[in-house]
$ cat protein_29.cif   # mmCIF, C-alpha atoms
data_protein
#
loop_
_atom_site.group_PDB
_atom_site.id
_atom_site.type_symbol
_atom_site.label_atom_id
_atom_site.label_comp_id
_atom_site.auth_asym_id
_atom_site.auth_seq_id
_atom_site.Cartn_x
_atom_site.Cartn_y
_atom_site.Cartn_z
ATOM 1 C CA MET B 212 211.594 101.347 -35.629
ATOM 2 C CA ARG B 213 207.979 102.431 -35.485
ATOM 3 C CA LYS B 214 206.674 104.679 -38.183
ATOM 4 C CA LEU B 215 203.905 107.216 -37.929
ATOM 5 C CA ILE B 216 202.005 107.928 -41.144
ATOM 6 C CA TRP B 217 199.647 110.903 -40.959
ATOM 7 C CA GLY B 218 196.411 110.451 -42.867
ATOM 8 C CA ALA B 219 195.674 114.159 -43.334
ATOM 9 C CA LEU B 220 198.648 116.245 -44.465
ATOM 10 C CA GLY B 221 197.186 119.574 -43.396
ATOM 11 C CA LEU B 222 196.484 118.270 -39.904
ATOM 12 C CA ALA B 223 199.926 116.690 -39.694
ATOM 13 C CA LEU B 224 201.649 119.967 -40.549
ATOM 14 C CA CYS B 225 199.526 121.773 -37.965
ATOM 15 C CA PHE B 226 200.457 119.191 -35.338
ATOM 16 C CA VAL B 227 204.141 119.754 -36.050
ATOM 17 C CA SER B 228 204.322 123.500 -36.634
ATOM 18 C CA CYS B 229 201.225 125.009 -34.960
ATOM 19 C CA GLY B 230 200.574 122.844 -31.952
ATOM 20 C CA ARG B 231 201.936 123.675 -28.536
ATOM 21 C CA SER B 232 200.724 120.677 -26.562
ATOM 22 C CA ALA B 233 202.368 117.296 -26.938
ATOM 23 C CA PHE B 234 200.662 113.956 -26.537
ATOM 24 C CA THR B 235 201.943 110.409 -26.398
ATOM 25 C CA ILE B 236 199.958 107.195 -26.689
ATOM 26 C CA ASP B 237 201.737 104.133 -25.315
ATOM 27 C CA GLY B 238 199.917 100.976 -26.262
ATOM 28 C CA LYS B 239 199.848 97.244 -25.732
ATOM 29 C CA LEU B 240 198.479 94.669 -28.152
ATOM 30 C CA THR B 241 199.347 91.003 -28.349
ATOM 31 C CA ALA B 242 199.902 90.668 -32.098
ATOM 32 C CA GLU B 243 202.539 89.823 -34.669
ATOM 33 C CA ASP B 244 205.295 92.361 -35.217
ATOM 34 C CA GLY B 245 204.323 94.706 -38.011
ATOM 35 C CA SER B 246 200.580 94.515 -37.310
ATOM 36 C CA GLU B 247 199.054 97.923 -37.932
ATOM 37 C CA VAL B 248 197.232 100.014 -35.341
ATOM 38 C CA TYR B 249 195.263 103.115 -36.283
ATOM 39 C CA LEU B 250 194.644 106.476 -34.639
ATOM 40 C CA ILE B 251 191.312 107.775 -35.936
ATOM 41 C CA ASP B 252 189.619 111.145 -35.510
ATOM 42 C CA GLN B 253 186.037 109.995 -34.942
ATOM 43 C CA VAL B 254 184.481 113.400 -35.567
ATOM 44 C CA ALA B 255 186.175 114.033 -38.903
ATOM 45 C CA GLU B 256 186.273 110.300 -39.726
ATOM 46 C CA ASP B 257 189.916 110.770 -40.677
ATOM 47 C CA THR B 258 192.937 108.548 -40.179
ATOM 48 C CA LEU B 259 195.416 110.570 -38.149
ATOM 49 C CA GLY B 260 198.075 107.936 -37.939
ATOM 50 C CA VAL B 261 199.129 104.352 -38.518
ATOM 51 C CA THR B 262 201.817 102.653 -36.501
ATOM 52 C CA ALA B 263 203.186 99.124 -36.197
ATOM 53 C CA VAL B 264 203.228 96.690 -33.286
ATOM 54 C CA ILE B 265 206.734 95.780 -32.147
ATOM 55 C CA GLY B 266 207.158 93.354 -29.269
ATOM 56 C CA ASN B 267 203.430 93.581 -28.425
ATOM 57 C CA THR B 268 203.700 97.361 -27.986
ATOM 58 C CA PHE B 269 202.959 100.378 -30.147
ATOM 59 C CA ALA B 270 203.073 104.156 -29.817
ATOM 60 C CA PHE B 271 201.833 107.410 -31.297
ATOM 61 C CA ALA B 272 203.126 110.925 -30.595
ATOM 62 C CA GLY B 273 202.267 114.387 -31.819
ATOM 63 C CA LYS B 274 201.009 117.810 -30.844
ATOM 64 C CA LEU B 275 197.487 119.089 -30.399
ATOM 65 C CA GLN B 276 195.879 122.476 -30.833
ATOM 66 C CA GLU B 277 192.781 121.297 -28.949
ATOM 67 C CA PRO B 278 191.409 118.015 -27.550
ATOM 68 C CA MET B 279 190.014 115.502 -30.046
ATOM 69 C CA PHE B 280 187.678 112.513 -29.811
ATOM 70 C CA VAL B 281 189.596 109.547 -31.182
ATOM 71 C CA TYR B 282 189.844 105.831 -31.175
ATOM 72 C CA VAL B 283 192.965 103.703 -31.211
ATOM 73 C CA GLY B 284 192.958 100.142 -32.484
ATOM 74 C CA ARG B 285 192.094 97.897 -35.373
ATOM 75 C CA GLY B 286 188.823 96.190 -36.206
ATOM 76 C CA ARG B 287 186.899 95.501 -33.018
ATOM 77 C CA GLU B 288 190.079 95.749 -30.948
ATOM 78 C CA ARG B 289 189.727 99.433 -30.137
ATOM 79 C CA VAL B 290 189.213 101.978 -27.394
ATOM 80 C CA ARG B 291 187.894 105.504 -27.773
ATOM 81 C CA PHE B 292 188.633 108.533 -25.634
ATOM 82 C CA VAL B 293 189.218 112.278 -25.561
ATOM 83 C CA LEU B 294 192.813 112.844 -26.650
ATOM 84 C CA GLU B 295 194.452 115.728 -24.792
ATOM 85 C CA PRO B 296 198.047 116.722 -23.954
ATOM 86 C CA GLY B 297 199.890 114.173 -21.866
ATOM 87 C CA THR B 298 200.573 110.451 -21.966
ATOM 88 C CA VAL B 299 197.764 107.967 -22.487
ATOM 89 C CA GLN B 300 198.153 104.273 -21.721
ATOM 90 C CA VAL B 301 196.099 102.030 -24.012
ATOM 91 C CA ASP B 302 195.733 98.273 -23.535
ATOM 92 C CA LEU B 303 193.918 96.845 -26.534
ATOM 93 C CA ASP B 304 194.023 93.343 -25.062
ATOM 94 C CA GLU B 305 191.981 94.484 -22.069
ATOM 95 C CA ARG B 306 190.185 97.383 -23.867
ATOM 96 C CA THR B 307 191.359 99.852 -21.216
ATOM 97 C CA VAL B 308 192.665 103.420 -21.357
ATOM 98 C CA SER B 309 194.105 105.723 -18.685
ATOM 99 C CA GLY B 310 196.585 108.475 -18.027
ATOM 100 C CA THR B 311 195.272 111.996 -18.640
ATOM 101 C CA PRO B 312 192.701 113.971 -16.613
ATOM 102 C CA MET B 313 189.777 113.756 -19.043
ATOM 103 C CA VAL B 314 190.483 110.104 -19.811
ATOM 104 C CA ASP B 315 190.626 109.164 -16.137
ATOM 105 C CA ASP B 316 187.588 111.272 -15.244
ATOM 106 C CA TYR B 317 185.483 109.690 -17.969
ATOM 107 C CA VAL B 318 186.643 106.141 -17.188
ATOM 108 C CA ALA B 319 185.703 106.642 -13.530
ATOM 109 C CA PHE B 320 182.357 108.127 -14.525
ATOM 110 C CA ASN B 321 181.648 105.349 -17.033
ATOM 111 C CA ARG B 322 182.457 102.605 -14.534
ATOM 112 C CA ARG B 323 180.163 104.104 -11.883
ATOM 113 C CA PHE B 324 177.431 105.087 -14.350
ATOM 114 C CA TYR B 325 176.999 101.580 -15.736
ATOM 115 C CA SER B 326 177.418 99.922 -12.339
ATOM 116 C CA PHE B 327 173.849 101.048 -11.597
ATOM 117 C CA ASP B 328 172.658 98.651 -14.312
ATOM 118 C CA ARG B 329 173.621 95.635 -12.210
ATOM 119 C CA GLU B 330 170.487 96.090 -10.134
ATOM 120 C CA LYS B 331 167.739 97.833 -12.056
ATOM 121 C CA THR B 332 165.770 99.752 -9.459
ATOM 122 C CA ALA B 333 164.049 103.125 -9.554
ATOM 123 C CA GLU B 334 166.538 104.414 -6.990
ATOM 124 C CA ASN B 335 169.521 103.282 -9.057
ATOM 125 C CA LYS B 336 168.086 104.818 -12.201
ATOM 126 C CA ALA B 337 167.618 108.138 -10.432
ATOM 127 C CA LEU B 338 171.189 108.035 -9.107
ATOM 128 C CA GLN B 339 172.472 107.129 -12.559
ATOM 129 C CA VAL B 340 170.694 110.064 -14.193
ATOM 130 C CA GLU B 341 171.863 112.513 -11.516
ATOM 131 C CA LEU B 342 175.439 111.295 -11.904
ATOM 132 C CA ALA B 343 175.343 111.972 -15.647
ATOM 133 C CA ASP B 344 173.755 115.372 -15.115
ATOM 134 C CA SER B 345 176.444 116.336 -12.589
ATOM 135 C CA MET B 346 179.268 115.068 -14.807
ATOM 136 C CA TYR B 347 177.852 116.949 -17.782
ATOM 137 C CA ARG B 348 177.614 120.245 -15.895
ATOM 138 C CA ALA B 349 181.032 119.863 -14.270
ATOM 139 C CA SER B 350 182.854 119.076 -17.523
ATOM 140 C CA GLN B 351 184.744 122.017 -18.989
ATOM 141 C CA ASN B 352 185.418 120.386 -22.358
ATOM 142 C CA TRP B 353 182.575 120.262 -24.891
ATOM 143 C CA ILE B 354 183.617 116.847 -26.245
ATOM 144 C CA LEU B 355 183.461 115.312 -22.790
ATOM 145 C CA LYS B 356 180.036 116.909 -22.298
ATOM 146 C CA ALA B 357 178.880 115.361 -25.579
ATOM 147 C CA VAL B 358 180.129 111.879 -24.706
ATOM 148 C CA VAL B 359 178.414 111.999 -21.295
ATOM 149 C CA LEU B 360 175.216 113.221 -22.955
ATOM 150 C CA ASP B 361 175.401 110.230 -25.300
ATOM 151 C CA ASP B 362 175.517 107.870 -22.310
ATOM 152 C CA LEU B 363 172.510 109.618 -20.782
ATOM 153 C CA ALA B 364 170.478 109.260 -23.992
ATOM 154 C CA LEU B 365 170.194 105.512 -23.430
ATOM 155 C CA LYS B 366 168.900 105.930 -19.881
ATOM 156 C CA ASP B 367 166.643 108.977 -19.647
ATOM 157 C CA THR B 368 165.400 110.727 -22.763
ATOM 158 C CA SER B 369 163.674 113.502 -20.810
ATOM 159 C CA ARG B 370 166.877 114.560 -19.046
ATOM 160 C CA PHE B 371 168.817 114.140 -22.289
ATOM 161 C CA LEU B 372 166.441 116.506 -24.081
ATOM 162 C CA ALA B 373 166.566 119.036 -21.233
ATOM 163 C CA LEU B 374 170.364 119.186 -21.385
ATOM 164 C CA TYR B 375 170.351 119.076 -25.183
ATOM 165 C CA ARG B 376 168.165 122.182 -25.381
ATOM 166 C CA GLU B 377 170.653 124.219 -23.369
ATOM 167 C CA ALA B 378 173.785 122.699 -24.933
ATOM 168 C CA ASP B 379 176.441 124.477 -26.957
ATOM 169 C CA GLN B 380 175.945 124.054 -30.706
ATOM 170 C CA ARG B 381 179.154 122.041 -30.938
ATOM 171 C CA VAL B 382 177.660 119.530 -28.491
ATOM 172 C CA LYS B 383 174.427 119.355 -30.507
ATOM 173 C CA ASP B 384 176.378 118.789 -33.715
ATOM 174 C CA PHE B 385 178.600 116.060 -32.227
ATOM 175 C CA PHE B 386 177.893 112.964 -34.312
ATOM 176 C CA MET B 387 176.861 110.739 -31.398
ATOM 177 C CA VAL B 388 174.555 113.339 -29.842
ATOM 178 C CA LYS B 389 173.101 114.182 -33.240
ATOM 179 C CA ALA B 390 172.284 110.501 -33.800
ATOM 180 C CA ASP B 391 170.801 110.229 -30.294
ATOM 181 C CA TYR B 392 168.520 113.201 -30.899
ATOM 182 C CA ALA B 393 167.353 111.776 -34.226
ATOM 183 C CA SER B 394 166.667 108.391 -32.630
ATOM 184 C CA ILE B 395 164.736 109.926 -29.745
ATOM 185 C CA THR B 396 162.683 112.019 -32.165
ATOM 186 C CA VAL B 397 161.788 108.882 -34.105
ATOM 187 C CA ALA B 398 161.155 106.916 -30.904
ATOM 188 C CA ASN B 399 158.728 109.591 -29.695
ATOM 189 C CA ALA B 400 156.812 109.198 -32.948
ATOM 190 C CA THR B 401 156.704 105.450 -32.302
ATOM 191 C CA GLY B 402 156.245 105.621 -28.557
ATOM 192 C CA VAL B 403 153.732 104.092 -26.196
ATOM 193 C CA GLY B 404 150.193 104.840 -27.326
ATOM 194 C CA LYS B 405 151.123 105.307 -31.002
ATOM 195 C CA MET B 406 150.033 102.969 -33.790
ATOM 196 C CA PHE B 407 152.702 100.764 -35.308
ATOM 197 C CA THR B 408 154.664 101.866 -38.362
ATOM 198 C CA ASP B 409 154.661 99.164 -41.025
ATOM 199 C CA TYR B 410 157.661 98.110 -43.111
ATOM 200 C CA THR B 411 158.629 95.409 -45.580
ATOM 201 C CA VAL B 412 161.802 93.303 -45.437
ATOM 202 C CA GLN B 413 162.726 91.908 -48.822
ATOM 203 C CA GLY B 414 163.288 88.156 -48.489
ATOM 204 C CA GLY B 415 162.809 88.426 -44.734
ATOM 205 C CA ASN B 416 160.849 85.199 -44.294
ATOM 206 C CA PRO B 417 162.875 82.028 -43.641
ATOM 207 C CA ASP B 418 161.751 80.725 -47.052
ATOM 208 C CA GLY B 419 163.103 83.853 -48.758
ATOM 209 C CA THR B 420 159.774 85.552 -49.464
ATOM 210 C CA ASP B 421 159.080 89.144 -48.487
ATOM 211 C CA VAL B 422 157.590 89.862 -45.082
ATOM 212 C CA LYS B 423 155.791 92.856 -43.608
ATOM 213 C CA LEU B 424 155.550 93.777 -39.966
ATOM 214 C CA SER B 425 151.786 93.944 -40.554
ATOM 215 C CA ASP B 426 151.841 90.218 -41.346
ATOM 216 C CA TYR B 427 152.019 89.840 -37.556
ATOM 217 C CA VAL B 428 151.133 93.153 -35.889
ATOM 218 C CA GLY B 429 147.571 94.489 -35.946
ATOM 219 C CA LYS B 430 146.086 91.060 -36.660
ATOM 220 C CA GLY B 431 144.174 90.611 -33.395
ATOM 221 C CA LYS B 432 146.990 89.249 -31.210
ATOM 222 C CA TYR B 433 149.302 90.786 -28.666
ATOM 223 C CA ILE B 434 152.730 90.696 -30.313
ATOM 224 C CA LEU B 435 156.053 90.984 -28.525
ATOM 225 C CA LEU B 436 158.642 92.104 -31.079
ATOM 226 C CA ASP B 437 162.244 91.267 -30.178
ATOM 227 C CA HIS B 438 165.027 93.149 -32.017
ATOM 228 C CA TRP B 439 168.151 91.010 -31.699
ATOM 229 C CA ALA B 440 171.352 89.755 -33.373
ATOM 230 C CA SER B 441 173.423 86.602 -33.131
ATOM 231 C CA TRP B 442 176.528 88.518 -31.989
ATOM 232 C CA CYS B 443 174.685 90.342 -29.183
ATOM 233 C CA GLY B 444 175.490 88.930 -25.731
ATOM 234 C CA PRO B 445 172.701 90.825 -23.943
ATOM 235 C CA CYS B 446 170.243 89.506 -26.558
ATOM 236 C CA LYS B 447 171.200 85.948 -25.687
ATOM 237 C CA ALA B 448 170.882 86.761 -21.988
ATOM 238 C CA GLU B 449 167.255 87.824 -22.496
ATOM 239 C CA MET B 450 166.238 84.584 -24.232
ATOM 240 C CA PRO B 451 165.362 82.657 -21.022
ATOM 241 C CA TYR B 452 162.890 85.434 -20.103
ATOM 242 C CA LEU B 453 161.417 85.356 -23.606
ATOM 243 C CA LYS B 454 161.114 81.580 -23.549
ATOM 244 C CA LYS B 455 159.422 81.687 -20.138
ATOM 245 C CA THR B 456 156.914 84.227 -21.465
ATOM 246 C CA TYR B 457 156.363 82.308 -24.713
ATOM 247 C CA GLU B 458 155.771 78.998 -22.951
ATOM 248 C CA ALA B 459 153.292 80.596 -20.536
ATOM 249 C CA PHE B 460 151.207 82.678 -22.942
ATOM 250 C CA HIS B 461 151.745 81.601 -26.562
ATOM 251 C CA GLY B 462 148.423 80.906 -28.239
ATOM 252 C CA ASP B 463 145.445 82.571 -29.883
ATOM 253 C CA ARG B 464 145.968 85.878 -28.061
ATOM 254 C CA PHE B 465 149.740 86.235 -27.865
ATOM 255 C CA ASP B 466 152.877 85.552 -29.892
ATOM 256 C CA ILE B 467 156.536 86.556 -30.073
ATOM 257 C CA VAL B 468 158.252 87.631 -33.285
ATOM 258 C CA GLY B 469 162.013 88.038 -33.554
ATOM 259 C CA VAL B 470 163.533 90.657 -35.851
ATOM 260 C CA ALA B 471 167.194 90.059 -36.706
ATOM 261 C CA VAL B 472 168.969 93.382 -37.171
ATOM 262 C CA SER B 473 172.518 94.258 -38.246
ATOM 263 C CA ASP B 474 173.397 90.601 -38.703
ATOM 264 C CA LYS B 475 174.438 88.111 -41.365
ATOM 265 C CA ARG B 476 171.593 85.833 -42.394
ATOM 266 C CA ALA B 477 173.644 82.651 -41.966
ATOM 267 C CA ASP B 478 174.680 83.719 -38.456
ATOM 268 C CA THR B 479 171.067 84.520 -37.567
ATOM 269 C CA GLU B 480 169.847 81.155 -38.818
ATOM 270 C CA LYS B 481 172.567 79.334 -36.862
ATOM 271 C CA ALA B 482 171.700 81.217 -33.657
ATOM 272 C CA ILE B 483 167.997 80.360 -34.055
ATOM 273 C CA LEU B 484 168.958 76.686 -34.077
ATOM 274 C CA ASP B 485 171.668 76.896 -31.421
ATOM 275 C CA TRP B 486 169.515 78.949 -29.050
ATOM 276 C CA ASP B 487 166.409 76.846 -29.822
ATOM 277 C CA LEU B 488 164.110 79.773 -30.585
ATOM 278 C CA PRO B 489 160.576 78.473 -31.343
ATOM 279 C CA TRP B 490 158.851 81.708 -32.395
ATOM 280 C CA ASN B 491 158.547 83.335 -35.826
ATOM 281 C CA GLN B 492 161.492 85.332 -37.141
ATOM 282 C CA ILE B 493 162.007 88.184 -39.587
ATOM 283 C CA LEU B 494 165.491 87.797 -41.051
ATOM 284 C CA ASP B 495 167.844 90.293 -42.701
ATOM 285 C CA ALA B 496 166.011 93.352 -41.398
ATOM 286 C CA GLN B 497 169.365 95.104 -40.958
ATOM 287 C CA ARG B 498 168.835 98.795 -40.020
ATOM 288 C CA LEU B 499 165.290 99.222 -41.353
ATOM 289 C CA PRO B 500 163.379 98.682 -38.074
ATOM 290 C CA ILE B 501 166.190 100.317 -36.085
ATOM 291 C CA ASP B 502 165.819 103.547 -38.036
ATOM 292 C CA LEU B 503 162.018 103.486 -38.176
ATOM 293 C CA TYR B 504 161.569 102.804 -34.470
ATOM 294 C CA GLY B 505 164.564 104.688 -33.080
ATOM 295 C CA VAL B 506 166.151 101.574 -31.595
ATOM 296 C CA ASN B 507 169.496 102.697 -30.178
ATOM 297 C CA ALA B 508 170.538 99.440 -28.518
ATOM 298 C CA ILE B 509 169.623 95.770 -28.684
ATOM 299 C CA PRO B 510 167.922 93.767 -27.410
ATOM 300 C CA HIS B 511 164.924 96.049 -27.724
ATOM 301 C CA LEU B 512 161.413 94.696 -27.174
ATOM 302 C CA ILE B 513 158.146 96.315 -28.193
ATOM 303 C CA LEU B 514 154.757 95.010 -27.047
ATOM 304 C CA PHE B 515 151.878 95.694 -29.466
ATOM 305 C CA ALA B 516 148.163 95.517 -28.695
ATOM 306 C CA PRO B 517 145.887 93.436 -30.943
ATOM 307 C CA ASP B 518 144.984 96.556 -32.949
ATOM 308 C CA GLY B 519 148.662 97.463 -33.489
ATOM 309 C CA LYS B 520 148.951 100.146 -30.815
ATOM 310 C CA ILE B 521 152.265 100.217 -28.926
ATOM 311 C CA LEU B 522 151.765 99.226 -25.287
ATOM 312 C CA ALA B 523 155.366 99.110 -24.013
ATOM 313 C CA ARG B 524 158.961 99.491 -25.183
ATOM 314 C CA GLY B 525 162.331 98.571 -23.778
ATOM 315 C CA LEU B 526 161.174 95.670 -21.603
ATOM 316 C CA ARG B 527 163.940 93.608 -20.001
ATOM 317 C CA GLY B 528 164.218 90.610 -17.694
ATOM 318 C CA GLU B 529 161.215 89.863 -15.502
ATOM 319 C CA GLU B 530 159.450 92.962 -16.888
ATOM 320 C CA ILE B 531 158.743 90.961 -20.050
ATOM 321 C CA TYR B 532 156.599 88.311 -18.374
ATOM 322 C CA ALA B 533 154.870 90.856 -16.126
ATOM 323 C CA ALA B 534 153.956 93.185 -18.999
ATOM 324 C CA VAL B 535 152.498 90.404 -21.135
ATOM 325 C CA GLU B 536 150.600 88.920 -18.184
ATOM 326 C CA ALA B 537 149.113 92.329 -17.355
ATOM 327 C CA ALA B 538 148.120 92.973 -20.967
ATOM 328 C CA LEU B 539 146.376 89.624 -21.299
ATOM 329 C CA GLN B 540 144.368 90.259 -18.127
ATOM 330 C CA GLN B 541 142.747 93.368 -19.603
#
$ encode --input "protein_29.cif" --output "structure tokens"
Amino acid sequence: MRKLIWGALGLALCFVSCGRSAFTIDGKLTAEDGSEVYLIDQVAEDTLGVTAVIGNTFAFAGKLQEPMFVYVGRGRERVRFVLEPGTVQVDLDERTVSGTPMVDDYVAFNRRFYSFDREKTAENKALQVELADSMYRASQNWILKAVVLDDLALKDTSRFLALYREADQRVKDFFMVKADYASITVANATGVGKMFTDYTVQGGNPDGTDVKLSDYVGKGKYILLDHWASWCGPCKAEMPYLKKTYEAFHGDRFDIVGVAVSDKRADTEKAILDWDLPWNQILDAQRLPIDLYGVNAIPHLILFAPDGKILARGLRGEEIYAAVEAALQQ
């Protein structure tokens, strides 16, 4: 028999006695019987429930006063969605969720929104931004608006800020949107045309000595700074483009420097060897450069001029080679 353990007594009592709208979460997870699965309120950072896997299935049930932004899972095996009345189907093996109107609407939006990334063209970017804008305006629930706005933040900061300015205060205070706004504010202060912001990473050199960004940037060379991590698939996918650029232009006027963020040092060092990365690396930077430069996703590349001025940010794929080639021709 499955058991449901509510993490917040007050909320549990309200679910039982105050709520009028029932929800059910039917889940699948290939795991040993008795393995725990959690239902987490992401806004309040509260554990709403814990249940056990029986026969590779699990379930939650309760009543809601209003929709909530939650995740269901354990560790990295998780999915997040807007929980509303009705039955939600969660497959943690496949990381899929479906079943209720807001869940299905957002899944359809998310699939189409990120499909535009397969071919990065100006037309696709414009369609992507307009899709997010339309979804945001059509959504009746403030949580769904906030989640869509979070997706848009990664793609078009101008449109994000325009919608943010007119948003309900609850949307502005939503933890993901709040973090996006802070990152964009920082990124604008470290945007194209601005001088670099220096920082020191304790023990960040491979030999364990301290390293400053200014040990490389502002020293008379063009520097391409690559924020990456060993666990990041897209980071690995960018390495052939970085290697092509390095092999073509590395010398007295240009260099690449990797900055390992949010990673274990041993894993970083192993990836440097496994991926055969020949350029200098700053290790153990963790969140320091992410916070200072408003990096909201990796890989994230920044091209600095010889005097330390920022020339470009967010380069990907063939843009990397083209941007460096153009800079060196000046």
$ closest_residue --input "protein_29.cif" --among "B:Ser350, B:Thr401, B:Thr456, B:Ser425" --to "Pro517 of chain B" --atoms "all atoms listed in the file"
B:Ser425
$ closest_residue --input "protein_29.cif" --among "B:Ile531, B:Val468, B:Met406, B:Ile513" --to "Lys455 of chain B" --atoms "only C-alpha atoms"
B:Ile531
$ closest_residue --input "protein_29.cif" --among "B:Val358, B:Leu294, B:Ala477, B:Leu365" --to "Ser232 of chain B" --atoms "all atoms listed in the file"
B:Leu294
$ atom_distance --input "protein_29.cif" --atom1 "atom CA of Thr258 of chain B" --atom2 "atom CA of Thr235 of chain B"
16.6 Å
$ residues_around --input "protein_29.cif" --residues "Ala390 of chain B" --least-positions-apart "6" --cutoff "10 Å" --atoms "all atoms listed in the file" --output "PyMOL selection string"
chain B and resi 361+383-384+396+505+507
$ residues_around --input "protein_29.cif" --residues "Phe324 of chain B" --least-positions-apart "5" --cutoff "9 Å" --atoms "only C-alpha atoms" --output "list in words"
Ala319, Leu338, Gln339, Val340, Leu342, Ala343 and Asp362 of chain B
$ closest_residue --input "protein_29.cif" --among "B:Gly284, B:Leu355, B:Lys336, B:Asn416" --to "Asp367 of chain B" --atoms "only C-alpha atoms"
B:Lys336
$ resolve_selection --input "protein_29.cif" --expression "the PyMOL selection byres ((chain B and resi 535) around 9)" --output "VMD selection string"
chain B and resid 433 435 456 460 465 514 530 to 534 536 to 540
$ resolve_selection --input "protein_29.cif" --expression "the PyMOL selection byres ((chain B and resi 270-282) around 7)" --output "number ranges by chain"
B: 215, 226-227, 230-238, 250-254, 262, 269, 283-284, 289-296, 354
$ residues_around --input "protein_29.cif" --residues "Gln413 of chain B" --least-positions-apart "2" --cutoff "12 Å" --atoms "all atoms listed in the file" --output "list in words"
Tyr410, Thr411, Gly415, Asn416, Pro417, Asp418, Gly419, Thr420, Asp421, Val422, Lys423, Leu424, Ile493, Leu494, Asp495, Ala496, Gln497 and Leu499 of chain B
$ closest_residue --input "protein_29.cif" --among "B:Ile501, B:Ala337, B:Ala255, B:Leu372" --to "Val397 of chain B" --atoms "all atoms listed in the file"
B:Ile501
$ closest_residue --input "protein_29.cif" --among "B:Asp315, B:Phe515, B:Val261, B:Ser473" --to "Val301 of chain B" --atoms "only C-alpha atoms"
B:Asp315
$ atom_distance --input "protein_29.cif" --atom1 "atom CA of Asp304 of chain B" --atom2 "atom CA of Arg498 of chain B"
29.8 Å
$ atom_distance --input "protein_29.cif" --atom1 "atom CA of Ile509 of chain B" --atom2 "atom CA of His438 of chain B"
6.3 Å
$ resolve_selection --input "protein_29.cif" --expression "the PyMOL selection byres ((chain B and resi 404) around 8)" --output "PyMOL selection string"
chain B and resi 402-403+405-406+520-522
$ residues_near_point --input "protein_29.cif" --point "(166.3, 83.3, -36.5)" --cutoff "12 Å" --atoms "all atoms listed in the file" --output "NGL selection string"
:B and (415-418 or 437-441 or 468-472 or 474-496)
$ decode --input "protein_29.cif" --residues "segment 342-359 of chain B" --atoms "C-alpha atoms" --output "mmCIF file, in the first residue's frame"
data_model
loop_
_atom_site.group_PDB
_atom_site.id
_atom_site.type_symbol
_atom_site.label_atom_id
_atom_site.label_comp_id
_atom_site.auth_asym_id
_atom_site.auth_seq_id
_atom_site.Cartn_x
_atom_site.Cartn_y
_atom_site.Cartn_z
ATOM 1 C CA LEU B 342 5.218 32.203 -30.079
ATOM 2 C CA ALA B 343 6.300 32.926 -26.504
ATOM 3 C CA ASP B 344 4.673 36.349 -26.575
ATOM 4 C CA SER B 345 1.387 34.864 -27.813
ATOM 5 C CA MET B 346 1.466 32.041 -25.260
ATOM 6 C CA TYR B 347 2.195 34.507 -22.470
ATOM 7 C CA ARG B 348 -0.708 36.786 -23.398
ATOM 8 C CA ALA B 349 -3.135 33.910 -23.946
ATOM 9 C CA SER B 350 -2.377 32.205 -20.623
ATOM 10 C CA GLN B 351 -4.964 32.848 -17.928
ATOM 11 C CA ASN B 352 -2.888 31.437 -15.071
ATOM 12 C CA TRP B 353 -0.090 33.598 -13.651
ATOM 13 C CA ILE B 354 2.202 30.614 -12.999
ATOM 14 C CA LEU B 355 1.981 29.519 -16.614
ATOM 15 C CA LYS B 356 2.722 33.101 -17.683
ATOM 16 C CA ALA B 357 5.800 33.098 -15.443
ATOM 17 C CA VAL B 358 7.124 29.797 -16.783
ATOM 18 C CA VAL B 359 6.703 30.967 -20.394
#
